[in-house]
2 protein chains.
Amino acid sequence: MNNFTFYSPTCFVFGKDTENEAGAYVKRFGGTRVLLHYGGGSVIRSGLLDRVKASLEKENIPYLELGGVKPNPRSGLVYEGIDLCRKEGVDFILAVGGGSTIDSSKAIAAGTVYDGDFWDFYEGKRIEQALPVGTILTIAAAGSEGSPDSVITREEGMFKRGASGDAIRPKFSILNPALTETLPPYQTAAGITDIIAHLYERYLTNTKEVEVTDRLIEALLLTMVHEGPRVIADPHNYEARANIMWAGMVAHNNTVGVGRSQDWNSHNIEHELSALYDCAHGAGLAVTMPAVFTYVMNHDVMRFAKAAVRVWGQQMDFDHPEVTAKAGIEALRNFLISIGMPKNFEELGAKEEDIPKLVEVLCYGDGRQGSISGFVTLNAEDCTKIYQMMV
Amino acid sequence: MNNFTFYSPTCFVFGKDTENEAGAYVKRFGGTRVLLHYGGGSVIRSGLLDRVKASLEKENIPYLELGGVKPNPRSGLVYEGIDLCRKEGVDFILAVGGGSTIDSSKAIAAGTVYDGDFWDFYEGKRIEQALPVGTILTIAAAGSEGSPDSVITREEGMFKRGASGDAIRPKFSILNPALTETLPPYQTAAGITDIIAHLYERYLTNTKEVEVTDRLIEALLLTMVHEGPRVIADPHNYEARANIMWAGMVAHNNTVGVGRSQDWNSHNIEHELSALYDCAHGAGLAVTMPAVFTYVMNHDVMRFAKAAVRVWGQQMDFDHPEVTAKAGIEALRNFLISIGMPKNFEELGAKEEDIPKLVEVLCYGDGRQGSISGFVTLNAEDCTKIYQMMV
């Protein structure tokens, strides 16, 4: 196991009706003037935003509002938020929404207290300071509620890039599984797929002797395999949603990823798809993962065989472990299809003729030197073949 | 799943040579005058204490010392520590040792800033304020490095009781698995048993639909079953020790225990043993757990069958699930014996004739009303039978 530090100081408030405690938690963590940041539509229609406002009013905490966050959140709104926070003396950002809203909030939080362009953080500068952020989560997916990460798309060039730093870990995150019951099945499934991807990205490691994190990742994958179909079959299954919601947080706050190298190439390869086609990140991952895993499988057949046996219930073929490994990847693919995710470029809305452009941005965009590194380092030729496998 | 809050703001610093960073972490978390609290013997002989002192001196942080913590730590030393901290204006407690030293440090931290008798906290008062505590862990066992808990034995009456509160969660915990390599095999095994008990106490729940935490607990149990024998066979197996050390933390910071009722009756029943005979807590648990589980098995046969199948690799007997459940408990018992733990009162140094006294203190001591509650509520007759099963 590699040396590591693990620091997850977020206070998680989990369960029914917990959104009504938002104001009290803002107060506990020192907020006196809040930016309420959200997307639109559903959080307004469902009455959630009103309940959160009422909880702030109950604590006499003044707030401003900035709505309009879109899936694959954009830099333009971040700049707008930073200006607003500076002008109005905001000292706390409260995100009401999913990963996109939380990531946009984190970007605003870091940018407000930084003299330069916030995009510096998305080109590799570590985030050391930020306004405090709290979240009220409305979809189990991105894991941003417990992570030190944020992903933003820069409109100019449509680059989708991530930034990181303990300073943007939320002070508190309110997780009420009931808030996710009104999601369309496709979004629920995309969230499930994103969580599964966060687990596989950590599972695919070159670090030896990491049984504890292997087992924990498998536990969460098994949970997703068990609970995913239940929630697709019945969107109002609170218990299934609760299990998925906690799994989604643990999957990504890195409890299960410490001390081991991680992959993240499925995410890298997918990010170009959602940046170009504005598809759901999880849907993009559903198409990406089986292709990537098939392509890199021979790098460590036994690792894929282990996932196949322990997670997907495959029989181990001791004479031909590659058969078992492949069966595990197929089981993953079939699972994702079964919950309603796309299986190829066509279903995703992607185009074969764009592959050279995708590869160009992926391997050479934003300072990259012709390859992406992870479980296996992939150059432009590798990435081209992987995108072709998705067609 | 039940509503819950989860807050684990400890910074974990894991890996080789990390004890040399102790001073820097004390500084990061605001310590300017430190009480260095420890047991004796091994931390001095191994040179660990000197390395920690050097790291404090490097940061120009003055420190006082209070050694002499014993296993099953006593209230007398806590009172001494509180007096010392008050007199000398200490503002940070640095524990160098195992669960006993950490628990004693937490008690001193809470007592120093409390006007009343610190024992109030061990009679049920929640700890709301405490001096900050940091830890350098020398044995994977108690999980106190990441928990809000402390267990102290009051000399007067030899009551062993626990206190709790987020205020005593360590600010940082340094976990270097190499520091545990010099432990005698018996202590290593007792630590493994304690971790397994923390997992079973959480596994035995009356809350339905908790697949995610069930799976996470099983993952950690599987890790212990895999890594335990490796470290007993080769005490210098760093990798096995590293896996056990992280499992021990995750087992007890409650990531895997949220949203579900828990048991803790094995701990309650054992506490009277280690209080009376001063045996190792883990050794006491090795004798206690199989007896308790056998006694309460029929309360939820399928839960024990699940552990038997998923953790202990038993075949499910679908016609007689109680056979499978029992086989799982036997597998646990045999595992504990295989790593060198005692199997009965005699091997533990306990005496059958003391059972009435044990039951009296357990069920009526310190304000209890004739029973202990948990997975199953156990009265004096139940507890008598359970102790008799251990003979």
# chains A, B, ... in the order shown; residues from 1 in each chain; ligands from 1
>>> closest_atom_pairs(of="chain A", to="chain B", cutoff="10 Å", atoms="only C-alpha atoms", output="tab-separated table")
residue	atom	partner	partner_atom	distance
A:Met1	CA	B:Glu239	CA	6.3
A:Asn2	CA	B:Gly15	CA	6.9
A:Asn3	CA	B:Gly15	CA	4.3
A:Phe4	CA	B:Phe14	CA	5.2
A:Thr5	CA	B:Val13	CA	4.5
A:Phe6	CA	B:Phe12	CA	5.0
A:Tyr7	CA	B:Cys11	CA	4.5
A:Ser8	CA	B:Pro9	CA	5.8
A:Pro9	CA	B:Pro9	CA	3.7
A:Thr10	CA	B:Tyr7	CA	6.4
A:Cys11	CA	B:Tyr7	CA	4.5
A:Phe12	CA	B:Phe6	CA	5.0
A:Val13	CA	B:Thr5	CA	4.5
A:Phe14	CA	B:Phe4	CA	5.2
A:Gly15	CA	B:Asn3	CA	4.3
A:Lys16	CA	B:Asn3	CA	6.6
A:Asp17	CA	B:Asn3	CA	9.3
A:Thr18	CA	B:Asn3	CA	8.5
A:Lys171	CA	B:Pro9	CA	9.9
A:Phe172	CA	B:Tyr7	CA	8.9
A:Ser173	CA	B:Thr5	CA	9.8
A:Ile174	CA	B:Thr5	CA	9.2
A:Leu175	CA	B:Asn3	CA	9.7
A:Asn176	CA	B:Asn3	CA	8.9
A:Lys208	CA	B:Glu239	CA	8.8
A:Glu209	CA	B:Glu239	CA	6.2
A:Val210	CA	B:Asn243	CA	6.6
A:Glu211	CA	B:Thr223	CA	6.3
A:Val212	CA	B:Asn243	CA	5.4
A:Thr213	CA	B:Asn243	CA	8.1
A:Asp214	CA	B:Ala219	CA	8.6
A:Arg215	CA	B:Ala219	CA	4.9
A:Leu216	CA	B:Ala219	CA	5.4
A:Ile217	CA	B:Ala219	CA	8.5
A:Glu218	CA	B:Ala219	CA	7.7
A:Ala219	CA	B:Arg215	CA	4.9
A:Leu220	CA	B:Val212	CA	6.6
A:Leu221	CA	B:Arg215	CA	9.4
A:Leu222	CA	B:Arg215	CA	7.5
A:Thr223	CA	B:Val212	CA	5.5
A:Met224	CA	B:Val212	CA	8.5
A:His226	CA	B:Glu211	CA	8.3
A:Glu227	CA	B:Glu211	CA	8.2
A:Tyr238	CA	B:Met1	CA	8.8
A:Glu239	CA	B:Glu209	CA	6.2
A:Ala240	CA	B:Glu209	CA	7.7
A:Arg241	CA	B:Met1	CA	9.9
A:Ala242	CA	B:Met1	CA	6.8
A:Asn243	CA	B:Val212	CA	5.4
A:Ile244	CA	B:Val212	CA	7.6
A:Met245	CA	B:Val212	CA	9.4
A:Trp246	CA	B:Val212	CA	7.4
A:Ala247	CA	B:Val212	CA	6.3
A:Val250	CA	B:Thr255	CA	8.0
A:Thr255	CA	B:Val250	CA	8.0
A:Val256	CA	B:Val250	CA	9.5
A:Val258	CA	B:Trp246	CA	9.3
A:Gly259	CA	B:Phe14	CA	8.3
>>> select_by_dssp(residues="segment 25-177 of chain A", states="helix (DSSP H, G or I)", output="NGL selection string")
:A and (25-28 or 42-45 or 48-58 or 75-88 or 99-112 or 118-123 or 144-146 or 166-168 or 177)
>>> closest_residue(among="B:Glu80, B:Glu88, B:Glu322, B:Glu59", to="Gly111 of chain B", atoms="only C-alpha atoms")
B:Glu80
>>> residues_around(residues="Val34 of chain A", least_positions_apart="6", cutoff="7 Å", atoms="only C-alpha atoms", output="PDB file with N, CA and C atoms, in the first residue's frame")
ATOM      1  N   PRO A  62     -29.314  36.039   5.608  1.00  0.00           N
ATOM      2  CA  PRO A  62     -29.652  36.600   4.296  1.00  0.00           C
ATOM      3  C   PRO A  62     -28.995  35.807   3.156  1.00  0.00           C
ATOM      4  N   TYR A  63     -29.665  35.800   2.003  1.00  0.00           N
ATOM      5  CA  TYR A  63     -29.108  35.036   0.875  1.00  0.00           C
ATOM      6  C   TYR A  63     -29.399  35.735  -0.449  1.00  0.00           C
ATOM      7  N   LEU A  64     -28.513  35.466  -1.397  1.00  0.00           N
ATOM      8  CA  LEU A  64     -28.709  35.844  -2.796  1.00  0.00           C
ATOM      9  C   LEU A  64     -28.949  34.566  -3.565  1.00  0.00           C
ATOM     10  N   VAL A  90     -20.561  37.832  -0.066  1.00  0.00           N
ATOM     11  CA  VAL A  90     -21.037  36.490   0.311  1.00  0.00           C
ATOM     12  C   VAL A  90     -19.920  35.736   1.034  1.00  0.00           C
ATOM     13  N   ASP A  91     -20.268  35.013   2.110  1.00  0.00           N
ATOM     14  CA  ASP A  91     -19.249  34.230   2.821  1.00  0.00           C
ATOM     15  C   ASP A  91     -19.588  32.740   2.916  1.00  0.00           C
ATOM     16  N   PHE A  92     -20.608  32.303   2.185  1.00  0.00           N
ATOM     17  CA  PHE A  92     -20.964  30.869   2.205  1.00  0.00           C
ATOM     18  C   PHE A  92     -21.735  30.546   0.932  1.00  0.00           C
ATOM     19  N   ILE A  93     -21.353  29.437   0.272  1.00  0.00           N
ATOM     20  CA  ILE A  93     -22.074  29.016  -0.934  1.00  0.00           C
ATOM     21  C   ILE A  93     -22.901  27.777  -0.592  1.00  0.00           C
ATOM     22  N   LEU A  94     -24.177  27.848  -0.848  1.00  0.00           N
ATOM     23  CA  LEU A  94     -25.057  26.710  -0.593  1.00  0.00           C
ATOM     24  C   LEU A  94     -25.569  26.171  -1.933  1.00  0.00           C
TER      25      LEU A  94
END
>>> residues_around(residues="Ile339 of chain B", least_positions_apart="2", cutoff="10 Å", atoms="only C-alpha atoms", output="ChimeraX atom specification")
/B:185-186,188-190,192-193,228-233,334-337,341-342
>>> residues_around(residues="Glu272 of chain B", least_positions_apart="2", cutoff="8 Å", atoms="only C-alpha atoms", output="list in words")
Phe159, Lys160, Asn268, Ile269, Glu270, Ser274, Ala275, Leu276, Leu358, Val361 and Leu362 of chain B
>>> closest_residue(among="B:Gln314, B:Asn206, B:Ser105, B:Ser100", to="Asp300 of chain B", atoms="only C-alpha atoms")
B:Asn206
>>> select_by_dssp(residues="segment 146-296 of chain B", states="strand (DSSP E)", output="list of chain:residue names")
B:Asp149, B:Ser150, B:Val151, B:Ile152, B:Thr153, B:Arg154, B:Phe159, B:Lys160, B:Arg161, B:Gly162, B:Ala163, B:Ser164, B:Phe172, B:Ser173, B:Ile174, B:Leu175
